[in-house]
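Source file: entry02.cif; contents: mmCIF, C-alpha atoms.
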```
data_my_file
loop_
_atom_site.label_atom_id
_atom_site.label_comp_id
_atom_site.auth_asym_id
_atom_site.auth_seq_id
_atom_site.Cartn_x
_atom_site.Cartn_y
_atom_site.Cartn_z
CA MET J 757 -29.35 -6.66 -42.03
CA GLN J 758 -27.12 -3.69 -42.68
CA PRO J 759 -23.37 -4.18 -43.36
CA ALA J 760 -22.53 -2.44 -40.08
CA GLN J 761 -24.71 -4.92 -38.19
CA LYS J 762 -23.05 -7.84 -39.96
CA LYS J 763 -19.67 -6.38 -39.04
CA PHE J 764 -20.80 -6.11 -35.43
CA LEU J 765 -21.85 -9.77 -35.37
CA ILE J 766 -18.58 -10.95 -36.89
CA ARG J 767 -16.55 -8.90 -34.42
CA PHE J 768 -18.80 -10.13 -31.58
CA ALA J 769 -18.22 -13.78 -32.54
CA LEU J 770 -14.45 -13.25 -32.81
CA PHE J 771 -14.24 -11.50 -29.43
CA LEU J 772 -16.41 -14.18 -27.83
CA VAL J 773 -14.22 -17.00 -29.11
CA GLY J 774 -11.09 -15.03 -28.16
CA PHE J 775 -12.26 -14.38 -24.60
CA TYR J 776 -13.42 -17.96 -24.25
CA GLY J 777 -9.96 -19.11 -25.38
CA LEU J 778 -8.40 -16.84 -22.79
CA VAL J 779 -10.44 -18.06 -19.80
CA ALA J 780 -10.22 -21.67 -20.93
CA ILE J 781 -6.42 -21.67 -20.77
CA GLN J 782 -5.41 -23.55 -17.61
CA PRO J 783 -2.94 -20.93 -16.25
CA VAL J 784 -5.51 -18.12 -16.69
CA ASN J 785 -8.17 -20.29 -15.12
CA ASP J 786 -5.91 -21.12 -12.17
CA ALA J 787 -4.50 -17.62 -11.67
CA VAL J 788 -7.58 -15.48 -12.35
CA VAL J 789 -10.88 -17.36 -12.66
CA VAL J 790 -10.54 -19.70 -9.69
CA PRO J 791 -9.26 -17.06 -7.20
CA PHE J 792 -12.06 -14.74 -8.35
CA THR J 793 -14.60 -17.53 -7.84
CA VAL J 794 -13.20 -18.20 -4.37
CA LEU J 795 -13.70 -14.50 -3.52
CA LEU J 796 -17.26 -14.70 -4.83
CA VAL J 797 -17.87 -17.79 -2.71
CA LYS J 798 -16.54 -16.06 0.42
CA ALA J 799 -18.72 -13.00 -0.22
CA SER J 800 -21.77 -15.21 -0.82
CA ALA J 801 -21.05 -17.16 2.37
CA GLY J 802 -20.80 -13.88 4.28
CA ILE J 803 -24.26 -12.85 3.05
CA LEU J 804 -25.66 -16.30 3.80
CA ARG J 805 -24.33 -16.11 7.35
CA GLY J 806 -25.93 -12.66 7.59
CA ILE J 807 -29.34 -14.19 6.84
CA GLY J 808 -28.86 -16.94 9.38
CA GLU J 809 -27.43 -19.83 7.34
CA GLN J 810 -24.69 -21.81 9.06
CA VAL J 811 -22.28 -22.19 6.14
CA VAL J 812 -18.60 -22.87 5.70
CA THR J 813 -16.52 -22.48 2.56
CA GLN J 814 -13.80 -24.65 1.16
CA GLY J 815 -12.30 -23.28 -2.06
CA THR J 816 -15.20 -22.86 -4.47
CA VAL J 817 -17.60 -24.90 -2.31
CA ILE J 818 -20.21 -23.49 0.07
CA ARG J 819 -21.50 -26.05 2.52
CA SER J 820 -23.97 -26.34 5.35
CA THR J 821 -25.55 -29.34 7.04
CA LEU J 822 -28.50 -28.96 4.65
CA PHE J 823 -26.90 -28.33 1.28
CA ALA J 824 -23.66 -27.73 -0.61
CA VAL J 825 -22.82 -26.05 -3.91
CA ASP J 826 -19.63 -25.97 -5.93
CA VAL J 827 -19.48 -22.64 -7.77
CA ARG J 828 -17.88 -23.29 -11.14
CA ASN J 829 -17.59 -21.53 -14.48
CA GLY J 830 -21.12 -20.88 -15.57
CA CYS J 831 -22.14 -20.08 -11.98
CA ASN J 832 -19.58 -17.35 -11.39
CA GLY J 833 -21.07 -14.90 -13.87
CA ILE J 834 -18.25 -15.42 -16.31
CA GLU J 835 -20.62 -16.42 -19.12
CA ALA J 836 -22.55 -13.15 -18.85
CA ALA J 837 -19.31 -11.20 -18.50
CA LEU J 838 -17.91 -12.80 -21.69
CA LEU J 839 -21.06 -11.91 -23.62
CA LEU J 840 -21.09 -8.32 -22.37
CA LEU J 841 -17.38 -7.79 -23.03
CA ALA J 842 -17.59 -9.23 -26.54
CA ALA J 843 -20.65 -7.10 -27.38
CA MET J 844 -19.20 -3.87 -26.00
CA LEU J 845 -15.85 -4.37 -27.71
CA ALA J 846 -17.51 -5.26 -31.00
CA PHE J 847 -19.67 -2.13 -30.91
CA PRO J 848 -18.12 1.08 -32.27
CA ALA J 849 -17.56 3.38 -29.28
CA PRO J 850 -14.98 5.81 -27.87
CA PRO J 851 -12.50 4.05 -25.56
CA LYS J 852 -13.60 5.99 -22.46
CA ALA J 853 -17.28 5.16 -22.98
CA ARG J 854 -16.37 1.56 -23.64
CA ALA J 855 -14.23 1.32 -20.50
CA ALA J 856 -17.01 2.89 -18.42
CA GLY J 857 -19.61 0.55 -19.93
CA VAL J 858 -17.48 -2.52 -19.29
CA ALA J 859 -16.71 -1.47 -15.70
CA VAL J 860 -20.32 -0.65 -14.80
CA GLY J 861 -21.64 -3.69 -16.66
CA LEU J 862 -19.28 -6.18 -15.03
CA PHE J 863 -19.96 -4.67 -11.61
CA ALA J 864 -23.72 -4.99 -12.12
CA ILE J 865 -23.43 -8.55 -13.42
CA GLN J 866 -21.31 -9.63 -10.48
CA GLY J 867 -23.62 -7.88 -8.01
CA VAL J 868 -26.63 -9.72 -9.39
CA ASN J 869 -24.63 -12.94 -9.61
CA LEU J 870 -23.81 -12.69 -5.92
CA PHE J 871 -27.55 -12.56 -5.26
CA ARG J 872 -28.02 -15.53 -7.61
CA ILE J 873 -25.54 -17.69 -5.67
CA VAL J 874 -27.05 -16.72 -2.33
CA SER J 875 -30.61 -17.36 -3.52
CA LEU J 876 -29.68 -20.67 -5.16
CA PHE J 877 -28.00 -21.88 -2.00
CA TRP J 878 -31.04 -20.85 0.04
CA LEU J 879 -33.37 -22.63 -2.41
CA GLY J 880 -31.16 -25.73 -2.35
CA ALA J 881 -31.26 -25.78 1.43
CA HIS J 882 -34.94 -24.95 1.93
CA ARG J 883 -36.84 -25.46 -1.35
CA ARG J 884 -35.02 -28.28 -3.12
CA ASP J 885 -38.07 -28.92 -5.33
CA VAL J 886 -37.51 -25.71 -7.30
CA PHE J 887 -33.72 -25.50 -7.04
CA GLU J 888 -33.03 -27.16 -10.40
CA LEU J 889 -35.54 -24.98 -12.23
CA PHE J 890 -33.96 -21.82 -10.86
CA HIS J 891 -30.43 -23.15 -11.35
CA ALA J 892 -30.74 -24.47 -14.88
CA ALA J 893 -33.19 -22.05 -16.42
CA ILE J 894 -34.40 -19.01 -14.55
CA TRP J 895 -31.23 -17.50 -13.13
CA GLN J 896 -29.07 -18.27 -16.16
CA THR J 897 -31.62 -16.60 -18.44
CA LEU J 898 -31.99 -13.58 -16.17
CA LEU J 899 -28.25 -13.03 -15.91
CA ILE J 900 -27.79 -13.13 -19.69
CA LEU J 901 -30.80 -10.85 -20.13
CA LEU J 902 -29.14 -8.45 -17.72
CA ALA J 903 -25.97 -8.49 -19.84
CA VAL J 904 -27.96 -7.92 -23.04
CA GLY J 905 -30.02 -5.19 -21.35
CA ILE J 906 -26.91 -3.39 -20.12
CA PHE J 907 -25.38 -3.58 -23.59
CA LEU J 908 -28.50 -2.22 -25.29
CA ALA J 909 -28.95 0.58 -22.74
CA TRP J 910 -25.28 1.50 -23.08
CA GLY J 911 -25.54 1.53 -26.86
CA ARG J 912 -28.69 3.64 -26.69
CA LYS J 913 -27.05 6.15 -24.38
CA LEU J 914 -23.96 6.25 -26.54
CA ARG J 915 -25.99 7.00 -29.64
CA GLY J 916 -28.22 9.54 -27.95
CA GLY J 917 -31.30 7.35 -27.79
CA ASP J 918 -31.10 5.68 -31.21
CA GLY J 919 -30.74 2.20 -29.79
CA ALA J 920 -27.64 0.04 -30.01
CA GLU J 921 -28.72 -1.55 -33.24
CA ALA J 922 -29.22 1.69 -35.10
CA ARG J 923 -25.64 2.21 -36.13
CA ALA J 924 -23.89 -1.01 -35.14
CA MET Q 870 -40.04 18.98 -21.44
CA PRO Q 871 -42.28 17.76 -18.62
CA GLY Q 872 -43.64 14.83 -20.64
CA ALA Q 873 -40.28 13.51 -21.80
CA GLY Q 874 -39.37 11.78 -18.54
CA SER Q 875 -42.73 10.10 -18.10
CA SER Q 876 -42.73 9.05 -21.77
CA ALA Q 877 -39.32 7.44 -21.35
CA ALA Q 878 -40.54 5.73 -18.19
CA GLU Q 879 -43.63 4.47 -20.00
CA THR Q 880 -41.49 3.12 -22.84
CA ALA Q 881 -39.21 1.38 -20.33
CA LEU Q 882 -42.19 -0.04 -18.46
CA ARG Q 883 -43.75 -1.34 -21.68
CA LEU Q 884 -40.44 -2.92 -22.66
CA ALA Q 885 -40.11 -4.54 -19.23
CA LEU Q 886 -43.66 -5.88 -19.43
CA ARG Q 887 -43.04 -7.31 -22.89
CA ALA Q 888 -39.81 -8.92 -21.66
CA LEU Q 889 -41.59 -10.35 -18.64
CA SER Q 890 -44.39 -11.77 -20.82
CA GLY Q 891 -41.85 -13.35 -23.18
CA PHE Q 892 -39.91 -14.77 -20.26
CA ALA Q 893 -43.03 -16.23 -18.62
CA LEU Q 894 -44.28 -17.67 -21.92
CA GLY Q 895 -40.83 -19.08 -22.72
CA LEU Q 896 -40.51 -20.66 -19.29
CA VAL Q 897 -43.96 -22.27 -19.43
CA LEU Q 898 -43.41 -23.54 -22.98
CA TRP Q 899 -39.97 -24.86 -22.17
CA ARG Q 900 -41.19 -26.66 -19.03
CA ALA Q 901 -44.22 -28.11 -20.78
CA ALA Q 902 -42.44 -29.16 -23.96
CA THR Q 903 -39.20 -30.46 -22.43
CA PRO Q 904 -40.12 -34.17 -22.15
CA ALA Q 905 -41.35 -34.36 -25.76
CA TYR Q 906 -38.62 -32.02 -27.01
CA ASP Q 907 -35.87 -34.11 -25.39
CA ARG Q 908 -37.23 -37.22 -27.14
CA VAL Q 909 -37.15 -35.43 -30.50
CA LEU Q 910 -33.66 -34.11 -29.75
CA ALA Q 911 -32.39 -37.59 -28.91
CA GLY Q 912 -34.03 -38.91 -32.08
CA PHE Q 913 -32.19 -36.38 -34.25
CA ALA Q 914 -28.84 -36.54 -32.42
CA GLU Q 915 -28.60 -40.34 -32.44
CA PRO Q 916 -28.17 -40.80 -36.22
CA VAL Q 917 -25.64 -37.95 -36.31
CA ILE Q 918 -23.52 -39.65 -33.64
CA ARG Q 919 -23.85 -42.99 -35.40
CA LEU Q 920 -22.36 -41.38 -38.51
CA PHE Q 921 -19.06 -41.11 -36.62
CA GLU Q 922 -19.13 -44.75 -35.50
CA ARG Q 923 -17.93 -47.95 -37.14
CA PRO Q 924 -20.02 -49.97 -36.48
CA PRO Q 925 -22.81 -47.65 -35.30
CA ALA Q 926 -23.40 -48.42 -31.63
CA THR Q 927 -25.02 -45.47 -29.88
CA ARG Q 928 -28.63 -45.33 -28.81
CA LEU Q 929 -30.04 -42.25 -27.09
CA TYR Q 930 -33.29 -41.97 -25.24
CA ALA Q 931 -34.80 -39.29 -23.02
CA GLU Q 932 -35.52 -40.06 -19.39
CA GLY Q 933 -36.65 -37.29 -17.06
CA SER Q 934 -34.57 -34.21 -17.78
CA ARG Q 935 -31.67 -36.30 -19.06
CA VAL Q 936 -30.71 -38.16 -22.17
CA VAL Q 937 -29.49 -41.68 -21.49
CA VAL Q 938 -26.56 -42.89 -23.55
CA ASP Q 939 -26.65 -46.55 -24.43
CA ARG Q 940 -24.19 -48.44 -26.60
CA ALA Q 941 -24.38 -51.86 -28.14
CA ASP Q 942 -20.91 -52.59 -26.73
CA PHE Q 943 -21.65 -51.55 -23.12
CA PRO Q 944 -21.78 -54.55 -20.76
CA SER Q 945 -25.44 -55.39 -20.26
CA SER Q 946 -25.02 -55.32 -16.47
CA SER Q 947 -23.48 -51.83 -16.27
CA ASP Q 948 -25.40 -48.61 -15.56
CA ARG Q 949 -26.18 -46.38 -18.52
CA PRO Q 950 -24.75 -42.86 -18.27
CA ALA Q 951 -27.23 -39.99 -18.53
CA LEU Q 952 -26.43 -36.46 -19.63
CA PRO Q 953 -28.38 -33.41 -18.40
CA VAL Q 954 -30.04 -31.61 -21.30
CA ASP Q 955 -31.92 -28.82 -19.52
CA ASP Q 956 -28.88 -26.58 -19.72
CA LEU Q 957 -28.59 -27.29 -23.45
CA THR Q 958 -32.14 -26.29 -24.26
CA PHE Q 959 -33.14 -23.56 -21.79
CA ASP Q 960 -31.77 -20.86 -24.13
CA VAL Q 961 -35.08 -20.96 -25.99
CA ILE Q 962 -36.45 -18.95 -23.02
CA LEU Q 963 -33.80 -16.35 -23.71
CA LEU Q 964 -34.70 -16.23 -27.41
CA LEU Q 965 -38.42 -15.83 -26.69
CA THR Q 966 -37.78 -13.13 -24.08
CA LEU Q 967 -35.61 -11.15 -26.47
CA ALA Q 968 -38.14 -11.67 -29.27
CA ALA Q 969 -40.91 -10.35 -27.03
CA THR Q 970 -39.04 -7.08 -26.57
CA THR Q 971 -39.09 -6.50 -30.33
CA ARG Q 972 -41.61 -3.93 -31.50
CA GLY Q 973 -43.55 -5.12 -34.51
CA LEU Q 974 -42.95 -8.78 -33.64
CA PHE Q 975 -46.18 -9.83 -35.33
CA ARG Q 976 -45.19 -8.43 -38.71
CA ASP Q 977 -44.68 -11.12 -41.35
CA ARG Q 978 -40.94 -10.64 -41.59
CA ALA Q 979 -40.44 -10.72 -37.84
CA VAL Q 980 -42.61 -13.83 -37.46
CA LYS Q 981 -40.58 -15.49 -40.21
CA GLY Q 982 -37.41 -14.38 -38.43
CA LEU Q 983 -38.64 -15.89 -35.18
CA ALA Q 984 -39.61 -19.15 -36.89
CA LEU Q 985 -36.23 -19.33 -38.63
CA SER Q 986 -34.45 -18.56 -35.34
CA CYS Q 987 -36.33 -21.37 -33.59
CA GLY Q 988 -35.37 -23.76 -36.40
CA ILE Q 989 -31.71 -22.78 -36.19
CA LEU Q 990 -31.79 -23.05 -32.39
CA PHE Q 991 -33.20 -26.57 -32.70
CA ALA Q 992 -30.34 -27.52 -35.07
CA LEU Q 993 -27.90 -26.02 -32.55
CA HIS Q 994 -29.49 -28.07 -29.74
CA VAL Q 995 -28.98 -31.23 -31.78
CA ALA Q 996 -25.36 -30.24 -32.41
CA ALA Q 997 -24.89 -29.44 -28.70
CA LEU Q 998 -26.20 -32.87 -27.70
CA VAL Q 999 -23.90 -34.52 -30.23
CA LEU Q 1000 -20.98 -32.54 -28.77
CA ALA Q 1001 -21.98 -33.50 -25.23
CA VAL Q 1002 -22.13 -37.21 -26.07
CA GLU Q 1003 -18.89 -37.18 -28.05
CA SER Q 1004 -17.16 -35.20 -25.30
CA PHE Q 1005 -18.42 -37.78 -22.79
CA TYR Q 1006 -17.11 -40.64 -24.93
CA ALA Q 1007 -13.79 -38.89 -25.46
CA THR Q 1008 -13.04 -37.97 -21.86
CA GLN Q 1009 -15.18 -39.91 -19.37
CA LEU Q 1010 -14.85 -43.58 -20.23
CA GLY Q 1011 -11.31 -44.17 -18.96
CA ALA Q 1012 -9.17 -46.57 -20.96
CA TRP Q 1013 -11.86 -46.93 -23.63
CA SER Q 1014 -11.74 -43.15 -24.24
CA THR Q 1015 -7.96 -43.04 -24.66
CA ALA Q 1016 -7.97 -46.16 -26.83
CA THR Q 1017 -10.75 -44.88 -29.09
CA TYR Q 1018 -10.00 -41.15 -29.29
CA GLY Q 1019 -6.62 -39.59 -30.02
CA ALA Q 1020 -5.34 -36.65 -28.00
CA LEU Q 1021 -6.43 -34.15 -30.65
CA ALA Q 1022 -9.92 -35.61 -30.94
CA ARG Q 1023 -10.34 -35.64 -27.15
CA ASN Q 1024 -9.36 -31.98 -26.95
CA VAL Q 1025 -11.53 -30.93 -29.89
CA TRP Q 1026 -14.70 -32.62 -28.59
CA ALA Q 1027 -14.16 -31.48 -25.00
CA THR Q 1028 -13.34 -27.89 -25.97
CA ALA Q 1029 -16.26 -27.61 -28.38
CA SER Q 1030 -18.68 -28.94 -25.78
CA HIS Q 1031 -17.26 -26.68 -23.07
CA PHE Q 1032 -17.40 -23.65 -25.36
CA TRP Q 1033 -21.03 -24.33 -26.10
CA ARG Q 1034 -21.98 -24.66 -22.44
CA LEU Q 1035 -20.00 -21.61 -21.30
CA ALA Q 1036 -20.51 -19.14 -24.14
CA GLY Q 1037 -22.23 -20.50 -27.23
CA CYS Q 1038 -25.59 -21.37 -25.73
CA PHE Q 1039 -25.93 -17.84 -24.36
CA ALA Q 1040 -24.65 -16.06 -27.43
CA ALA Q 1041 -26.74 -18.01 -29.95
CA PRO Q 1042 -30.17 -16.58 -28.95
CA PHE Q 1043 -28.69 -13.08 -28.81
CA VAL Q 1044 -27.15 -13.41 -32.28
CA LEU Q 1045 -30.33 -14.95 -33.76
CA TRP Q 1046 -32.45 -12.19 -32.28
CA TRP Q 1047 -30.05 -9.49 -33.41
CA ALA Q 1048 -29.71 -10.84 -36.94
CA LEU Q 1049 -33.13 -12.27 -37.77
CA ILE Q 1050 -35.83 -10.88 -35.50
CA ARG Q 1051 -34.90 -7.38 -34.39
CA PRO Q 1052 -34.23 -5.87 -37.85
CA ALA Q 1053 -37.42 -7.42 -39.24
CA GLY Q 1054 -39.55 -6.08 -36.42
CA SER Q 1055 -38.01 -2.62 -36.11
CA ASP Q 1056 -40.21 0.45 -35.96
CA ALA Q 1057 -39.09 1.75 -39.32
CA PRO Q 1058 -41.51 0.83 -42.09
CA ALA Q 1059 -40.08 -1.23 -44.92
CA ARG Q 1060 -38.83 0.69 -47.94
CA GLY Q 1061 -41.67 1.75 -50.11
CA ALA Q 1062 -44.14 1.10 -47.32
CA ALA Q 1063 -43.91 4.57 -45.84
CA PRO Q 1064 -47.14 6.54 -45.91
CA LYS Q 1065 -47.45 9.14 -48.67
CA GLY Q 1066 -45.95 12.46 -47.71
CA SER Q 1067 -43.96 11.00 -44.82
CA ARG Q 1068 -40.33 11.93 -44.33
CA LEU Q 1069 -39.23 8.46 -45.34
CA ARG Q 1070 -41.11 8.66 -48.63
CA ARG Q 1071 -39.79 12.18 -49.33
CA LYS Q 1072 -36.22 11.16 -48.53
CA LYS Q 1073 -36.37 8.25 -50.90
CA ALA Q 1074 -37.72 10.48 -53.66
#
```

Spell out the structure here as structure tokens.
Amino acid sequence: MQPAQKKFLIRFALFLVGFYGLVAIQPVNDAVVVPFTVLLVKASAGILRGIGEQVVTQGTVIRSTLFAVDVRNGCNGIEAALLLLAAMLAFPAPPKARAAGVAVGLFAIQGVNLFRIVSLFWLGAHRRDVFELFHAAIWQTLLILLAVGIFLAWGRKLRGGDGAEARA
Amino acid sequence: MPGAGSSAAETALRLALRALSGFALGLVLWRAATPAYDRVLAGFAEPVIRLFERPPATRLYAEGSRVVVDRADFPSSSDRPALPVDDLTFDVILLLTLAATTRGLFRDRAVKGLALSCGILFALHVAALVLAVESFYATQLGAWSTATYGALARNVWATASHFWRLAGCFAAPFVLWWALIRPAGSDAPARGAAPKGSRLRRKKA
């Protein structure tokens, strides 16, 4: 591994721990993470109603007569967002490109995460046999792969097609 | 160049197919191996936890997709708590998917990198299970928790376990792939392995 790649990994680890520390602090969690999750829950419930599910929300909980989910950290896309933020900040890039990458990346992650919540609720209500598989393994993996994919594509574009690893 | 766009699309398609194959293989392996893997995990985590205990009291055993926590000092009539382990171990799917996207994965160095990554991931799974059990002891057993664990210990175990579940378990496969698999399987031939007359060989000379 080249020194620049080692440097990237060290910076990545530091940013990851730093961002984790930030979102784990109770006031930040209460003032930012929970209200954001509530918004996500309301948006998901809106989509679910659009596809014919009779759901109500209460804080971070979506409920119907068939099923209920409590959307917590780990289900609100924050884990993928932390990984993407840490990777993009650790990677050498001009501030504008970094800001654009972060904005587009977080938007994409949250868009896909909205679909994840909706699909998981639907599976929980109608296909309970596969809910746990999709919840614990498939969707979590796909969301992190999306974050990694966005980071690599961003790095490749930034370096004119060299790939993110080439000069990190 | 008319061919450039289609070439880029082909490359992207090949990459997506490799990722999909790795994901499918990872998922099947993970599903098939989970019962046996959880037993092995419990077998390795148990002695580590017992190192922290005087006298050693913890027994772990896998049951379904959970690891049951038993203690010699639990009342015999009480239920045994069980911790979910699927979300501690699923990250192997992520590692295998990322590995599958690596060109030259079947080169010796990349295969060694993958094997080493799997070994490290296993050690991290053992550590994650130890953290989960200690965090459970420190925060979920009421008066026993507060009597046995000080405030600092409770916070350390709970924070470490939470960090792993929220960030560490996702970052670990990425870091392992980035550090051990991707460089070893990159397209560039190893130094000295470049064909005679190639740019790499000329540059070195």

Name the residues within 6 Å of (-34.5, -15.0, -41.2), counting only C-alpha atoms in the file's coordinates, and put them as number ranges by chain. Q: 982, 985, 1049

What residues come out when you apply the PyMOL selection byres ((chain J and resi 908-910) around 10) to this file, written as a ChimeraX atom specification? /J:843-844,853-854,856-858,860-861,902-907,911-917,919-921

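Within the file as shown, the PyMOL selection byres ((chain J and resi 762-768) around 8) identifies Met757, Gln758, Pro759, Ala760, Gln761, Ala769, Leu770, Phe771, Leu772, Ala842, Ala843, Leu845, Ala846, Phe847 and Ala924 of chain J; Val1044 and Ala1048 of chain Q.
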
Pick out the residues sitting within 6 Å of stretch 1026-1036 of chain Q, and hand them over as a PDB file with C-alpha atoms, keeping the file's coordinate frame; count only C-alpha atoms, and ignore anything fewer than 6 positions along from it in its own chain.
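To be explicit, this is the file written out as out.pdb:
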```pdb
ATOM      1  CA  GLY J 830     -21.120 -20.880 -15.570  1.00  0.00           C
ATOM      2  CA  GLU J 835     -20.620 -16.420 -19.120  1.00  0.00           C
TER       3      GLU J 835
ATOM      4  CA  LEU Q1000     -20.980 -32.540 -28.770  1.00  0.00           C
ATOM      5  CA  ALA Q1001     -21.980 -33.500 -25.230  1.00  0.00           C
ATOM      6  CA  SER Q1004     -17.160 -35.200 -25.300  1.00  0.00           C
TER       7      SER Q1004
END
```

Which residues, written as a list in words, have at least one atom at most 12 Å from J:Gly815, with only C-alpha atoms counted and residues fewer than 3 positions away on the same chain left out?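 The contact residues come out as Val790, Pro791, Phe792, Thr793, Val794, Leu795, Leu796, Val797, Lys798, Ala801, Val812, Ile818, Arg819, Val825, Asp826, Val827 and Arg828 of chain J.
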
Using only C-alpha atoms, the best pick from Q:Ala931, Q:Ala951, Q:Cys987, Q:Val961 as closest to chain J would be Q:Val961

Tell me the residues of chain Q close to chain J, meaning within 7 Å using all atoms listed in the file, as a short mmCIF file (atom, residue, chain, number, x, y, z; two decimals) with C-alpha atoms, keeping the file's coordinate frame.
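Everything below was put into result_28.cif:
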```cif
data_model
loop_
_atom_site.label_atom_id
_atom_site.label_comp_id
_atom_site.auth_asym_id
_atom_site.auth_seq_id
_atom_site.Cartn_x
_atom_site.Cartn_y
_atom_site.Cartn_z
CA ASP Q 955 -31.92 -28.82 -19.52
CA ASP Q 956 -28.88 -26.58 -19.72
CA PHE Q 959 -33.14 -23.56 -21.79
CA LEU Q 963 -33.80 -16.35 -23.71
CA LEU Q 1035 -20.00 -21.61 -21.30
CA ALA Q 1036 -20.51 -19.14 -24.14
CA PHE Q 1039 -25.93 -17.84 -24.36
CA ALA Q 1040 -24.65 -16.06 -27.43
CA ALA Q 1048 -29.71 -10.84 -36.94
CA PRO Q 1052 -34.23 -5.87 -37.85
#
```

Would you mind reading off the distance between atom CA of J:Phe871 and atom CA of J:Gln810, one decimal, in Å? 17.3 Å

Take the PyMOL selection byres ((chain Q and resi 993) around 10), apply it to the structure above, and return the hits as a tab-separated table (two decimals) with C-alpha atoms, keeping the file's coordinate frame.
```tsv
chain	number	residue	atom	x	y	z
Q	957	LEU	CA	-28.59	-27.29	-23.45
Q	958	THR	CA	-32.14	-26.29	-24.26
Q	987	CYS	CA	-36.33	-21.37	-33.59
Q	988	GLY	CA	-35.37	-23.76	-36.40
Q	989	ILE	CA	-31.71	-22.78	-36.19
Q	990	LEU	CA	-31.79	-23.05	-32.39
Q	991	PHE	CA	-33.20	-26.57	-32.70
Q	992	ALA	CA	-30.34	-27.52	-35.07
Q	994	HIS	CA	-29.49	-28.07	-29.74
Q	995	VAL	CA	-28.98	-31.23	-31.78
Q	996	ALA	CA	-25.36	-30.24	-32.41
Q	997	ALA	CA	-24.89	-29.44	-28.70
Q	998	LEU	CA	-26.20	-32.87	-27.70
Q	999	VAL	CA	-23.90	-34.52	-30.23
Q	1033	TRP	CA	-21.03	-24.33	-26.10
Q	1037	GLY	CA	-22.23	-20.50	-27.23
Q	1038	CYS	CA	-25.59	-21.37	-25.73
Q	1041	ALA	CA	-26.74	-18.01	-29.95
```

Contacts of J:Leu876 at 10 Å or less, counting all atoms listed in the file, minus same-chain residues fewer than 3 places along, as a ChimeraX atom specification? /J:825,870-873,879-884,886-888,890-891,895

Atom CA of Q:Val917 and atom CA of Q:Asp942 are how many Å apart? 18.1 Å

Quick one: distance from atom CA of Q:Leu964 to atom CA of Q:Ala881 in Å, one decimal?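 Interatomic distance here is 19.5 Å.
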
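The shortest atom-to-atom distance to Q:Arg919, with all atoms listed in the file taken into account, belongs to Q:Glu1003 out of Q:Ile962, Q:Leu983, Q:Glu1003, Q:Ile1050.
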
Using all atoms of stretch 912-917 of chain Q that appear in the file, construct an axis-aligned enclosing box with 8 Å of padding on every side and provide its centre coordinates and edge lengths in Å, rounded to one decimal, as lines of an AutoDock Vina configuration file.
```
center_x = -29.8
center_y = -38.6
center_z = -34.2
size_x = 24.4
size_y = 20.4
size_z = 20.2
```
